[in-house]
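One file, coords-v2.cif, is given below (mmCIF, C-alpha atoms).
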data_target
loop_
_atom_site.group_PDB
_atom_site.id
_atom_site.type_symbol
_atom_site.label_atom_id
_atom_site.label_comp_id
_atom_site.auth_asym_id
_atom_site.auth_seq_id
_atom_site.Cartn_x
_atom_site.Cartn_y
_atom_site.Cartn_z
ATOM 1 C CA TYR A 1 -15.808 14.632 -15.852
ATOM 2 C CA ALA A 2 -18.981 15.486 -13.919
ATOM 3 C CA TYR A 3 -19.746 16.989 -10.542
ATOM 4 C CA TYR A 4 -22.943 17.776 -8.628
ATOM 5 C CA ASP A 5 -23.410 21.204 -6.984
ATOM 6 C CA GLY A 6 -26.385 20.227 -4.857
ATOM 7 C CA SER A 7 -29.014 20.843 -7.505
ATOM 8 C CA THR A 8 -27.483 20.220 -10.935
ATOM 9 C CA TRP A 9 -24.974 17.932 -12.557
ATOM 10 C CA HIS A 10 -22.210 19.737 -14.476
ATOM 11 C CA LYS A 11 -20.320 17.853 -17.196
ATOM 12 C CA GLU A 12 -17.222 18.758 -19.170
ATOM 13 C CA THR A 13 -14.797 17.113 -21.580
ATOM 14 C CA VAL A 14 -11.341 16.610 -20.125
ATOM 15 C CA ASP A 15 -9.436 15.137 -23.085
ATOM 16 C CA PHE A 16 -10.753 14.630 -26.630
ATOM 17 C CA LEU A 17 -7.586 13.813 -28.592
ATOM 18 C CA GLY A 18 -8.138 10.273 -29.827
ATOM 19 C CA ASP A 19 -9.808 7.386 -28.026
ATOM 20 C CA VAL A 20 -9.059 8.295 -24.410
ATOM 21 C CA GLY A 21 -10.466 7.854 -20.918
ATOM 22 C CA GLN A 22 -10.510 4.108 -20.318
ATOM 23 C CA TYR A 23 -9.450 2.702 -16.921
ATOM 24 C CA ASN A 24 -9.811 6.123 -15.289
ATOM 25 C CA SER A 25 -9.293 6.829 -11.593
ATOM 26 C CA LEU A 26 -10.283 10.055 -9.806
ATOM 27 C CA ALA A 27 -8.871 11.846 -6.748
ATOM 28 C CA LEU A 28 -9.516 15.312 -5.315
ATOM 29 C CA ASP A 29 -6.728 17.544 -4.019
ATOM 30 C CA ALA A 30 -6.846 19.518 -0.764
ATOM 31 C CA GLY A 31 -8.784 22.274 -2.540
ATOM 32 C CA GLY A 32 -11.358 19.857 -3.917
ATOM 33 C CA MET A 33 -10.018 20.066 -7.482
ATOM 34 C CA PRO A 34 -10.139 16.896 -9.599
ATOM 35 C CA ARG A 35 -7.167 14.829 -10.744
ATOM 36 C CA ILE A 36 -7.637 11.889 -13.121
ATOM 37 C CA SER A 37 -5.389 9.074 -14.332
ATOM 38 C CA TYR A 38 -6.490 7.224 -17.471
ATOM 39 C CA PHE A 39 -5.501 5.206 -20.536
ATOM 40 C CA ASP A 40 -4.960 6.723 -23.969
ATOM 41 C CA TYR A 41 -6.075 3.849 -26.219
ATOM 42 C CA THR A 42 -5.042 5.597 -29.448
ATOM 43 C CA ASN A 43 -1.400 5.997 -28.401
ATOM 44 C CA GLY A 44 -1.227 3.220 -25.832
ATOM 45 C CA ASP A 45 -0.062 5.641 -23.123
ATOM 46 C CA LEU A 46 -0.740 6.406 -19.478
ATOM 47 C CA LYS A 47 -2.058 9.955 -19.055
ATOM 48 C CA TYR A 48 -2.931 12.273 -16.195
ATOM 49 C CA ALA A 49 -5.253 15.286 -16.081
ATOM 50 C CA LEU A 50 -5.582 18.016 -13.477
ATOM 51 C CA ASN A 51 -7.853 21.012 -13.156
ATOM 52 C CA ASP A 52 -6.514 24.240 -11.611
ATOM 53 C CA GLY A 53 -9.926 25.847 -11.272
ATOM 54 C CA THR A 54 -9.920 27.451 -14.710
ATOM 55 C CA ARG A 55 -8.944 24.730 -17.175
ATOM 56 C CA TRP A 56 -7.637 21.188 -17.603
ATOM 57 C CA PHE A 57 -3.961 20.343 -18.014
ATOM 58 C CA ILE A 58 -2.992 17.034 -19.631
ATOM 59 C CA MET A 59 0.263 15.201 -18.941
ATOM 60 C CA THR A 60 1.614 12.040 -20.561
ATOM 61 C CA VAL A 61 3.108 9.860 -17.831
ATOM 62 C CA ASP A 62 4.417 6.726 -19.563
ATOM 63 C CA THR A 63 4.830 5.934 -23.274
ATOM 64 C CA LEU A 64 7.042 2.808 -23.147
ATOM 65 C CA GLY A 65 4.903 0.267 -24.958
ATOM 66 C CA ILE A 66 1.192 -0.155 -24.351
ATOM 67 C CA VAL A 67 0.851 1.090 -20.794
ATOM 68 C CA GLY A 68 -1.812 2.629 -18.588
ATOM 69 C CA GLN A 69 -4.628 0.131 -18.215
ATOM 70 C CA TYR A 70 -6.205 -0.578 -14.798
ATOM 71 C CA THR A 71 -5.002 2.715 -13.293
ATOM 72 C CA SER A 72 -5.445 3.696 -9.674
ATOM 73 C CA LEU A 73 -4.638 7.211 -8.455
ATOM 74 C CA ALA A 74 -3.756 8.607 -5.024
ATOM 75 C CA LEU A 75 -2.410 12.008 -3.942
ATOM 76 C CA ASP A 76 0.278 12.410 -1.281
ATOM 77 C CA LYS A 77 0.472 15.030 1.488
ATOM 78 C CA ASN A 78 1.913 17.548 -0.981
ATOM 79 C CA GLY A 79 -0.837 16.895 -3.521
ATOM 80 C CA ASN A 80 1.478 15.040 -5.903
ATOM 81 C CA PRO A 81 0.023 12.105 -7.841
ATOM 82 C CA HIS A 82 0.954 8.440 -7.499
ATOM 83 C CA ILE A 83 -0.426 5.931 -10.020
ATOM 84 C CA SER A 84 -0.416 2.134 -10.243
ATOM 85 C CA TYR A 85 -1.133 0.595 -13.646
ATOM 86 C CA PHE A 86 -0.687 -2.350 -16.004
ATOM 87 C CA ASP A 87 2.051 -2.591 -18.616
ATOM 88 C CA ASN A 88 0.349 -4.575 -21.393
ATOM 89 C CA THR A 89 3.496 -4.861 -23.514
ATOM 90 C CA ASN A 90 5.598 -6.507 -20.812
ATOM 91 C CA VAL A 91 2.604 -7.862 -18.829
ATOM 92 C CA ASN A 92 3.755 -6.499 -15.486
ATOM 93 C CA LEU A 93 2.732 -4.094 -12.730
ATOM 94 C CA LYS A 94 4.107 -0.547 -12.838
ATOM 95 C CA TYR A 95 3.994 2.484 -10.555
ATOM 96 C CA ALA A 96 4.522 6.172 -11.322
ATOM 97 C CA TYR A 97 4.775 9.298 -9.202
ATOM 98 C CA TYR A 98 5.324 13.013 -9.804
ATOM 99 C CA ASP A 99 7.553 15.212 -7.587
ATOM 100 C CA ASP A 100 6.444 18.644 -8.882
ATOM 101 C CA ILE A 101 9.178 18.527 -11.524
ATOM 102 C CA SER A 102 9.271 15.144 -13.264
ATOM 103 C CA TRP A 103 7.465 11.843 -13.556
ATOM 104 C CA TYR A 104 9.244 8.702 -12.321
ATOM 105 C CA THR A 105 8.153 5.192 -13.257
ATOM 106 C CA THR A 106 9.233 1.807 -11.940
ATOM 107 C CA ILE A 107 8.389 -1.860 -12.417
ATOM 108 C CA VAL A 108 6.839 -3.242 -9.237
ATOM 109 C CA ASP A 109 6.226 -6.888 -10.198
ATOM 110 C CA SER A 110 7.526 -8.468 -13.394
ATOM 111 C CA LYS A 111 6.962 -12.117 -12.503
ATOM 112 C CA HIS A 112 4.299 -13.921 -14.501
ATOM 113 C CA ASN A 113 1.456 -12.157 -16.293
ATOM 114 C CA THR A 114 0.626 -9.745 -13.508
ATOM 115 C CA GLY A 115 -0.622 -6.263 -12.641
ATOM 116 C CA LEU A 116 -4.286 -6.268 -13.644
ATOM 117 C CA ASN A 117 -7.079 -4.623 -11.628
ATOM 118 C CA THR A 118 -4.760 -2.463 -9.534
ATOM 119 C CA SER A 119 -5.818 -0.466 -6.487
ATOM 120 C CA LEU A 120 -3.460 2.008 -4.791
ATOM 121 C CA MET A 121 -3.285 3.646 -1.370
ATOM 122 C CA LEU A 122 -0.552 5.660 0.351
ATOM 123 C CA ASP A 123 0.402 5.123 3.998
ATOM 124 C CA ILE A 124 1.337 7.748 6.592
ATOM 125 C CA ASN A 125 4.802 7.997 5.052
ATOM 126 C CA ASP A 126 3.327 8.413 1.550
ATOM 127 C CA TYR A 127 4.687 4.970 0.641
ATOM 128 C CA PRO A 128 2.552 3.127 -1.949
ATOM 129 C CA HIS A 129 0.556 -0.021 -1.226
ATOM 130 C CA ILE A 130 -0.961 -1.804 -4.230
ATOM 131 C CA SER A 131 -3.394 -4.692 -4.555
ATOM 132 C CA TYR A 132 -3.655 -6.382 -7.951
ATOM 133 C CA PHE A 133 -4.369 -9.586 -9.849
ATOM 134 C CA SER A 134 -1.881 -12.030 -11.350
ATOM 135 C CA PHE A 135 -3.478 -13.691 -14.372
ATOM 136 C CA SER A 136 -0.954 -16.489 -14.734
ATOM 137 C CA GLN A 137 -1.050 -17.333 -11.020
ATOM 138 C CA GLN A 138 -4.797 -16.698 -10.778
ATOM 139 C CA ALA A 139 -4.012 -14.989 -7.493
ATOM 140 C CA SER A 140 -4.759 -11.801 -5.626
ATOM 141 C CA LYS A 141 -1.458 -10.081 -4.757
ATOM 142 C CA TYR A 142 -0.177 -7.190 -2.697
ATOM 143 C CA ALA A 143 2.906 -4.984 -3.081
ATOM 144 C CA PHE A 144 4.176 -2.327 -0.698
ATOM 145 C CA TYR A 145 7.199 -0.044 -0.605
ATOM 146 C CA ASP A 146 9.217 -0.296 2.635
ATOM 147 C CA GLY A 147 11.429 2.738 2.026
ATOM 148 C CA ASN A 148 14.006 0.824 -0.005
ATOM 149 C CA SER A 149 12.211 -1.506 -2.394
ATOM 150 C CA PHE A 150 8.863 -3.101 -3.168
ATOM 151 C CA ILE A 151 7.913 -6.227 -1.221
ATOM 152 C CA ILE A 152 5.561 -8.672 -2.997
ATOM 153 C CA GLN A 153 3.100 -10.932 -1.191
ATOM 154 C CA ASP A 154 0.358 -13.371 -2.174
ATOM 155 C CA VAL A 155 -2.963 -12.433 -0.591
ATOM 156 C CA ASP A 156 -4.885 -15.482 -1.823
ATOM 157 C CA SER A 157 -3.440 -17.956 -4.288
ATOM 158 C CA VAL A 158 -5.293 -21.215 -3.729
ATOM 159 C CA GLY A 159 -6.947 -21.582 -7.109
ATOM 160 C CA LYS A 160 -8.421 -18.696 -9.097
ATOM 161 C CA TYR A 161 -8.573 -16.117 -6.334
ATOM 162 C CA GLY A 162 -8.203 -12.502 -7.326
ATOM 163 C CA GLY A 163 -9.815 -10.567 -10.130
ATOM 164 C CA THR A 164 -11.054 -7.100 -9.255
ATOM 165 C CA THR A 165 -9.328 -5.723 -6.141
ATOM 166 C CA SER A 166 -9.704 -2.733 -3.830
ATOM 167 C CA ILE A 167 -7.314 -1.659 -1.070
ATOM 168 C CA ALA A 168 -7.704 0.566 1.998
ATOM 169 C CA ILE A 169 -5.438 1.527 4.907
ATOM 170 C CA ASP A 170 -7.019 2.296 8.281
ATOM 171 C CA SER A 171 -6.068 4.759 11.028
ATOM 172 C CA ILE A 172 -3.522 2.364 12.572
ATOM 173 C CA SER A 173 -1.998 1.598 9.154
ATOM 174 C CA LYS A 174 -3.459 -1.878 8.769
ATOM 175 C CA VAL A 175 -4.061 -2.910 5.169
ATOM 176 C CA HIS A 176 -7.458 -4.190 4.027
ATOM 177 C CA ILE A 177 -8.142 -5.752 0.610
ATOM 178 C CA SER A 178 -11.388 -6.856 -1.002
ATOM 179 C CA TYR A 179 -11.435 -9.037 -4.127
ATOM 180 C CA ILE A 180 -13.514 -11.501 -6.083
ATOM 181 C CA SER A 181 -12.932 -15.226 -6.179
ATOM 182 C CA TYR A 182 -13.191 -16.553 -9.734
ATOM 183 C CA LYS A 183 -13.203 -20.047 -8.257
ATOM 184 C CA ASP A 184 -16.636 -19.729 -6.671
ATOM 185 C CA TYR A 185 -17.610 -16.132 -7.666
ATOM 186 C CA ASP A 186 -17.726 -14.924 -4.070
ATOM 187 C CA LEU A 187 -16.658 -11.617 -2.562
ATOM 188 C CA LYS A 188 -13.531 -12.048 -0.412
ATOM 189 C CA TYR A 189 -11.789 -9.892 2.191
ATOM 190 C CA ALA A 190 -8.250 -10.005 3.594
ATOM 191 C CA SER A 191 -6.313 -7.948 6.126
ATOM 192 C CA ASP A 192 -2.769 -7.926 7.504
ATOM 193 C CA ARG A 193 -2.920 -8.388 11.253
ATOM 194 C CA GLY A 194 0.641 -7.929 12.386
ATOM 195 C CA ILE A 195 1.632 -9.238 15.804
ATOM 196 C CA VAL A 196 4.961 -9.221 17.611
ATOM 197 C CA SER A 197 5.073 -11.274 20.792
ATOM 198 C CA GLY A 198 7.428 -13.233 23.052
ATOM 199 C CA VAL A 199 8.492 -13.824 26.627
ATOM 200 C CA VAL A 200 10.879 -11.991 28.940
ATOM 201 C CA THR A 201 12.968 -14.251 31.159
ATOM 202 C CA ASP A 202 15.936 -14.151 33.532
ATOM 203 C CA VAL A 203 18.941 -15.423 31.555
ATOM 204 C CA ALA A 204 20.402 -17.183 34.608
ATOM 205 C CA THR A 205 17.292 -18.944 35.900
ATOM 206 C CA GLY A 206 15.067 -19.088 32.838
ATOM 207 C CA GLN A 207 12.183 -17.834 34.972
ATOM 208 C CA PRO A 208 9.685 -15.326 33.566
ATOM 209 C CA ILE A 209 10.065 -11.714 34.678
ATOM 210 C CA PHE A 210 6.594 -10.608 35.720
ATOM 211 C CA GLY A 211 5.921 -6.916 35.075
ATOM 212 C CA ALA A 212 8.900 -6.393 32.766
ATOM 213 C CA LYS A 213 8.273 -3.432 30.485
ATOM 214 C CA VAL A 214 8.547 -3.962 26.732
ATOM 215 C CA SER A 215 8.344 -0.991 24.371
ATOM 216 C CA MET A 216 7.986 -0.809 20.596
ATOM 217 C CA VAL A 217 8.465 2.123 18.241
ATOM 218 C CA GLN A 218 8.283 2.602 14.481
ATOM 219 C CA ASP A 219 9.074 5.689 12.423
ATOM 220 C CA GLY A 220 6.164 8.113 12.410
ATOM 221 C CA MET A 221 4.416 6.747 15.521
ATOM 222 C CA GLU A 222 4.530 7.232 19.262
ATOM 223 C CA LYS A 223 6.256 4.655 21.467
ATOM 224 C CA LEU A 224 3.996 1.826 22.672
ATOM 225 C CA TRP A 225 4.686 -0.242 25.775
ATOM 226 C CA VAL A 226 3.185 -3.169 27.677
ATOM 227 C CA LYS A 227 3.976 -5.115 30.854
ATOM 228 C CA ALA A 228 4.822 -8.803 30.691
ATOM 229 C CA ASP A 229 2.277 -11.046 32.409
ATOM 230 C CA ALA A 230 2.965 -13.693 35.081
ATOM 231 C CA MET A 231 4.350 -16.014 32.414
ATOM 232 C CA GLY A 232 6.625 -13.257 31.083
ATOM 233 C CA HIS A 233 4.546 -12.992 27.911
ATOM 234 C CA TYR A 234 4.005 -9.735 26.002
ATOM 235 C CA GLN A 235 2.277 -8.866 22.726
ATOM 236 C CA PHE A 236 1.871 -5.888 20.382
ATOM 237 C CA LEU A 237 -0.212 -5.273 17.291
ATOM 238 C CA ILE A 238 2.217 -3.949 14.679
ATOM 239 C CA PRO A 239 0.785 -0.767 13.123
ATOM 240 C CA TYR A 240 2.488 -1.103 9.736
ATOM 241 C CA LYS A 241 5.169 -2.973 7.833
ATOM 242 C CA GLY A 242 8.831 -2.068 8.198
ATOM 243 C CA ALA A 243 11.417 -1.798 10.971
ATOM 244 C CA CYS A 244 10.364 -2.050 14.636
ATOM 245 C CA SER A 245 12.616 -1.197 17.575
ATOM 246 C CA LEU A 246 11.887 -3.262 20.681
ATOM 247 C CA LYS A 247 13.251 -2.768 24.201
ATOM 248 C CA ALA A 248 12.756 -4.886 27.322
ATOM 249 C CA LYS A 249 13.660 -3.704 30.798
ATOM 250 C CA SER A 250 12.962 -4.464 34.429
ATOM 251 C CA ARG A 251 14.323 -3.138 37.734
ATOM 252 C CA GLY A 252 17.642 -4.759 38.552
ATOM 253 C CA TYR A 253 18.238 -5.963 34.967
ATOM 254 C CA VAL A 254 20.266 -4.607 32.064
ATOM 255 C CA PRO A 255 17.855 -3.412 29.312
ATOM 256 C CA GLU A 256 17.965 -5.267 25.989
ATOM 257 C CA ARG A 257 17.234 -3.662 22.611
ATOM 258 C CA VAL A 258 16.582 -5.341 19.262
ATOM 259 C CA LYS A 259 15.408 -4.255 15.821
ATOM 260 C CA VAL A 260 13.142 -6.484 13.747
ATOM 261 C CA ILE A 261 11.610 -6.127 10.286
ATOM 262 C CA TYR A 262 7.919 -6.857 9.859
ATOM 263 C CA TYR A 263 6.920 -8.056 6.372
ATOM 264 C CA GLY A 264 3.447 -9.368 7.126
ATOM 265 C CA ASP A 265 3.996 -12.491 9.239
ATOM 266 C CA GLN A 266 3.869 -12.872 13.001
ATOM 267 C CA ILE A 267 7.141 -12.087 14.777
ATOM 268 C CA ILE A 268 8.324 -13.994 17.849
ATOM 269 C CA GLN A 269 10.956 -12.051 19.808
ATOM 270 C CA ASP A 270 12.046 -13.340 23.220
ATOM 271 C CA PHE A 271 14.212 -11.422 25.683
ATOM 272 C CA GLU A 272 16.681 -12.896 28.182
ATOM 273 C CA LEU A 273 17.771 -10.212 30.635
ATOM 274 C CA ASN A 274 20.979 -10.128 32.644
ATOM 275 C CA LYS A 275 21.268 -8.651 36.137
#
Take the structure in the file and give it back as structure tokens.
Amino acid sequence: YAYYDGSTWHKETVDFLGDVGQYNSLALDAGGMPRISYFDYTNGDLKYALNDGTRWFIMTVDTLGIVGQYTSLALDKNGNPHISYFDNTNVNLKYAYYDDISWYTTIVDSKHNTGLNTSLMLDINDYPHISYFSFSQQASKYAFYDGNSFIIQDVDSVGKYGGTTSIAIDSISKVHISYISYKDYDLKYASDRGIVSGVVTDVATGQPIFGAKVSMVQDGMEKLWVKADAMGHYQFLIPYKGACSLKAKSRGYVPERVKVIYYGDQIIQDFELNK
């Protein structure tokens, strides 16, 4: 591990027991102290190191088979580590997190030979989002946790797309992924642009209700609302994947509420209001 103090580089050995340190990923906690996930080649294990300001502490995260290649590390709001990595024994994608007491590991994607070149980010709810490469599919893939389970999506799968990946989540919780195409050796970029849209009409006449108010809310965000145009059309950009509560109302009509689940595709939700 090395850091620069403005004038000099300082270097120190974190772990020296065996052949260690491959596939490392670095994150800094709220106090600026380093945390590192990495692969222990000698034992075939996933390991994690943290510095408390005086010395390094080493933790073994996963020992089930040859695990811990292609690690990516992120810290949640409480400073606890989350790690995505490759399980070489079972050729699948795994994810681990620490809750201040114990490490928990889970298989994210076990289909095909998958889980290489992982990149991990946490959203505003500290839910993990992982980009990675499926060797057997020759595809760039994306997995996210929706609060109940991991959802798997293909980012680009039309012939040798994938390889090295990197993921980022912006201020409105949109996901961005960069990756290399092994088909033409070009740099690629993908993003999830979620949209929910529809029309608000009078159930009796079928006519659009101009100026009808439609609101949308998701956990962890403020309520958004728009007015339907002359054709009764409305549209929202969906901030992040998961459940959305929608409500349409207009003077003289009974409000209508629905709940939809956004998994990455466009959602069409029409409203027919009764007087």
For a quick check of understanding, using only C-alpha atoms, which of A:Gly242, A:Pro255, A:Gly18, A:Pro34 has the smallest distance to Tyr127 (chain A)?
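Answer, going by the shortest atom-to-atom distance: A:Gly242.
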Tell me which of A:Asp154, A:Asp100, A:Asp184, A:Asp229 sits closest to Ile130 (chain A), counting only C-alpha atoms.
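With only C-alpha atoms as the atom set, the closest residue is A:Asp154.
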Close residues, Ala168 (chain A) itself excluded, 9 Å, all atoms listed in the file, min 3 positions apart in chain, as a PDB file with C-alpha atoms, in the coordinates of the input:
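Saved to around.pdb:
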ATOM      1  CA  SER A 119      -5.818  -0.466  -6.487  1.00  0.00           C
ATOM      2  CA  LEU A 120      -3.460   2.008  -4.791  1.00  0.00           C
ATOM      3  CA  MET A 121      -3.285   3.646  -1.370  1.00  0.00           C
ATOM      4  CA  LEU A 122      -0.552   5.660   0.351  1.00  0.00           C
ATOM      5  CA  HIS A 129       0.556  -0.021  -1.226  1.00  0.00           C
ATOM      6  CA  LYS A 174      -3.459  -1.878   8.769  1.00  0.00           C
ATOM      7  CA  VAL A 175      -4.061  -2.910   5.169  1.00  0.00           C
ATOM      8  CA  HIS A 176      -7.458  -4.190   4.027  1.00  0.00           C
ATOM      9  CA  ILE A 177      -8.142  -5.752   0.610  1.00  0.00           C
ATOM     10  CA  SER A 178     -11.388  -6.856  -1.002  1.00  0.00           C
TER      11      SER A 178
END
Evaluate the PyMOL selection byres ((chain A and resi 232-237) around 8) on the structure here and hand back the selected residues as a PyMOL selection string.
chain A and resi 193-201+208-212+214+216+226-231+238-239
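Among A:Gly44, A:Gly147, A:Gly252, A:Gly163, the residue with the shortest atom-to-atom distance to Ser134 (chain A), counting all atoms listed in the file, is A:Gly163.
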What does the distance between CA of Tyr185 (chain A) and CA of Asp87 (chain A) come to in Å, to one decimal place?
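Calculated distance between CA of Tyr185 (chain A) and CA of Asp87 (chain A) is 26.3 Å.
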Between CA of Trp225 (chain A) and CA of Ser173 (chain A), what distance in Å does the model show, to one decimal?
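Computed distance, CA of Trp225 (chain A) to CA of Ser173 (chain A), equals 18.0 Å.
We find CA of Leu46 (chain A) and CA of Thr165 (chain A) to be spaced 20.0 Å apart.
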Taking the point (7.7, -1.7, -1.2) as given in the file, collect each protein or nucleic acid residue that comes within 10 Å of it, counting all atoms listed in the file, and present the set as a PyMOL selection string.
chain A and resi 108+127-130+142-152+241-242+263
Keeping C-alpha atoms for every residue in the selection just given, could you write it to a file as a JSON list (two decimals), in the frame of the given file?
[["chain", "number", "residue", "atom", "x", "y", "z"],
["A", 108, "VAL", "CA", 6.84, -3.24, -9.24],
["A", 127, "TYR", "CA", 4.69, 4.97, 0.64],
["A", 128, "PRO", "CA", 2.55, 3.13, -1.95],
["A", 129, "HIS", "CA", 0.56, -0.02, -1.23],
["A", 130, "ILE", "CA", -0.96, -1.80, -4.23],
["A", 142, "TYR", "CA", -0.18, -7.19, -2.70],
["A", 143, "ALA", "CA", 2.91, -4.98, -3.08],
["A", 144, "PHE", "CA", 4.18, -2.33, -0.70],
["A", 145, "TYR", "CA", 7.20, -0.04, -0.60],
["A", 146, "ASP", "CA", 9.22, -0.30, 2.64],
["A", 147, "GLY", "CA", 11.43, 2.74, 2.03],
["A", 148, "ASN", "CA", 14.01, 0.82, 0.00],
["A", 149, "SER", "CA", 12.21, -1.51, -2.39],
["A", 150, "PHE", "CA", 8.86, -3.10, -3.17],
["A", 151, "ILE", "CA", 7.91, -6.23, -1.22],
["A", 152, "ILE", "CA", 5.56, -8.67, -3.00],
["A", 241, "LYS", "CA", 5.17, -2.97, 7.83],
["A", 242, "GLY", "CA", 8.83, -2.07, 8.20],
["A", 263, "TYR", "CA", 6.92, -8.06, 6.37]]
Residues of region 24-46 of chain A that approach region 77-82 of chain A to 12 Å or less, counting all atoms listed in the file: could you list each one with the shortest pair of atoms and its distance in Å to one decimal, rows by chain and increasing residue number, as JSON lines?
{"residue": "A:Ser25", "atom": "CA", "partner": "A:His82", "partner_atom": "CA", "distance": 11.2}
{"residue": "A:Leu26", "atom": "CA", "partner": "A:Pro81", "partner_atom": "CA", "distance": 10.7}
{"residue": "A:Ala27", "atom": "CA", "partner": "A:Pro81", "partner_atom": "CA", "distance": 9.0}
{"residue": "A:Leu28", "atom": "CA", "partner": "A:Gly79", "partner_atom": "CA", "distance": 9.0}
{"residue": "A:Asp29", "atom": "CA", "partner": "A:Gly79", "partner_atom": "CA", "distance": 5.9}
{"residue": "A:Ala30", "atom": "CA", "partner": "A:Gly79", "partner_atom": "CA", "distance": 7.1}
{"residue": "A:Gly31", "atom": "CA", "partner": "A:Gly79", "partner_atom": "CA", "distance": 9.6}
{"residue": "A:Gly32", "atom": "CA", "partner": "A:Gly79", "partner_atom": "CA", "distance": 10.9}
{"residue": "A:Met33", "atom": "CA", "partner": "A:Gly79", "partner_atom": "CA", "distance": 10.5}
{"residue": "A:Pro34", "atom": "CA", "partner": "A:Gly79", "partner_atom": "CA", "distance": 11.1}
{"residue": "A:Arg35", "atom": "CA", "partner": "A:Pro81", "partner_atom": "CA", "distance": 8.2}
{"residue": "A:Ile36", "atom": "CA", "partner": "A:Pro81", "partner_atom": "CA", "distance": 9.3}
{"residue": "A:Ser37", "atom": "CA", "partner": "A:Pro81", "partner_atom": "CA", "distance": 9.0}
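Residues in contact range of Thr60 (chain A), defined as at most 8 Å between only C-alpha atoms, with sequence neighbours fewer than 5 positions away removed, read A:Asp45, A:Leu46, A:Lys47, A:Tyr48.
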Of the candidates A:Ser136, A:Ser84, A:Gln207, A:Thr54, which shows the shortest atom-to-atom distance to Ala96 (chain A), using only C-alpha atoms?
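Distance minimum relative to Ala96 (chain A) lands on A:Ser84.
Closest approach to Lys94 (chain A) from the set A:Thr8, A:Asn125, A:Thr42, A:Ser131 is made by A:Ser131, with distances taken over only C-alpha atoms.
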Output requested as a CSV table (one decimal), in the coordinates of the input - region 137-152 of chain A, filled out with N, CA and C atoms.
chain,number,residue,atom,x,y,z
A,137,GLN,N,-0.9,-16.6,-12.3
A,137,GLN,CA,-1.0,-17.3,-11.0
A,137,GLN,C,-2.5,-17.5,-10.6
A,138,GLN,N,-3.4,-16.7,-11.2
A,138,GLN,CA,-4.8,-16.7,-10.8
A,138,GLN,C,-4.9,-16.4,-9.3
A,139,ALA,N,-4.1,-15.3,-8.9
A,139,ALA,CA,-4.0,-15.0,-7.5
A,139,ALA,C,-4.2,-13.5,-7.3
A,140,SER,N,-4.7,-13.2,-6.1
A,140,SER,CA,-4.8,-11.8,-5.6
A,140,SER,C,-3.4,-11.5,-4.9
A,141,LYS,N,-2.8,-10.4,-5.3
A,141,LYS,CA,-1.5,-10.1,-4.8
A,141,LYS,C,-1.4,-8.7,-4.1
A,142,TYR,N,-0.3,-8.4,-3.4
A,142,TYR,CA,-0.2,-7.2,-2.7
A,142,TYR,C,1.3,-6.8,-2.7
A,143,ALA,N,1.6,-5.5,-3.1
A,143,ALA,CA,2.9,-5.0,-3.1
A,143,ALA,C,2.9,-3.7,-2.2
A,144,PHE,N,4.0,-3.6,-1.5
A,144,PHE,CA,4.2,-2.3,-0.7
A,144,PHE,C,5.6,-1.9,-0.7
A,145,TYR,N,5.9,-0.6,-0.6
A,145,TYR,CA,7.2,0.0,-0.6
A,145,TYR,C,7.6,0.2,0.8
A,146,ASP,N,8.8,-0.4,1.2
A,146,ASP,CA,9.2,-0.3,2.6
A,146,ASP,C,10.2,0.8,2.9
A,147,GLY,N,10.4,1.7,1.9
A,147,GLY,CA,11.4,2.7,2.0
A,147,GLY,C,12.7,2.5,1.2
A,148,ASN,N,12.8,1.2,0.8
A,148,ASN,CA,14.0,0.8,0.0
A,148,ASN,C,13.6,0.1,-1.3
A,149,SER,N,12.6,-0.7,-1.2
A,149,SER,CA,12.2,-1.5,-2.4
A,149,SER,C,10.8,-2.0,-2.2
A,150,PHE,N,10.2,-2.5,-3.3
A,150,PHE,CA,8.9,-3.1,-3.2
A,150,PHE,C,8.9,-4.5,-2.7
A,151,ILE,N,8.1,-4.9,-1.7
A,151,ILE,CA,7.9,-6.2,-1.2
A,151,ILE,C,6.6,-6.8,-1.8
A,152,ILE,N,6.7,-8.0,-2.3
A,152,ILE,CA,5.6,-8.7,-3.0
A,152,ILE,C,5.0,-9.8,-2.1
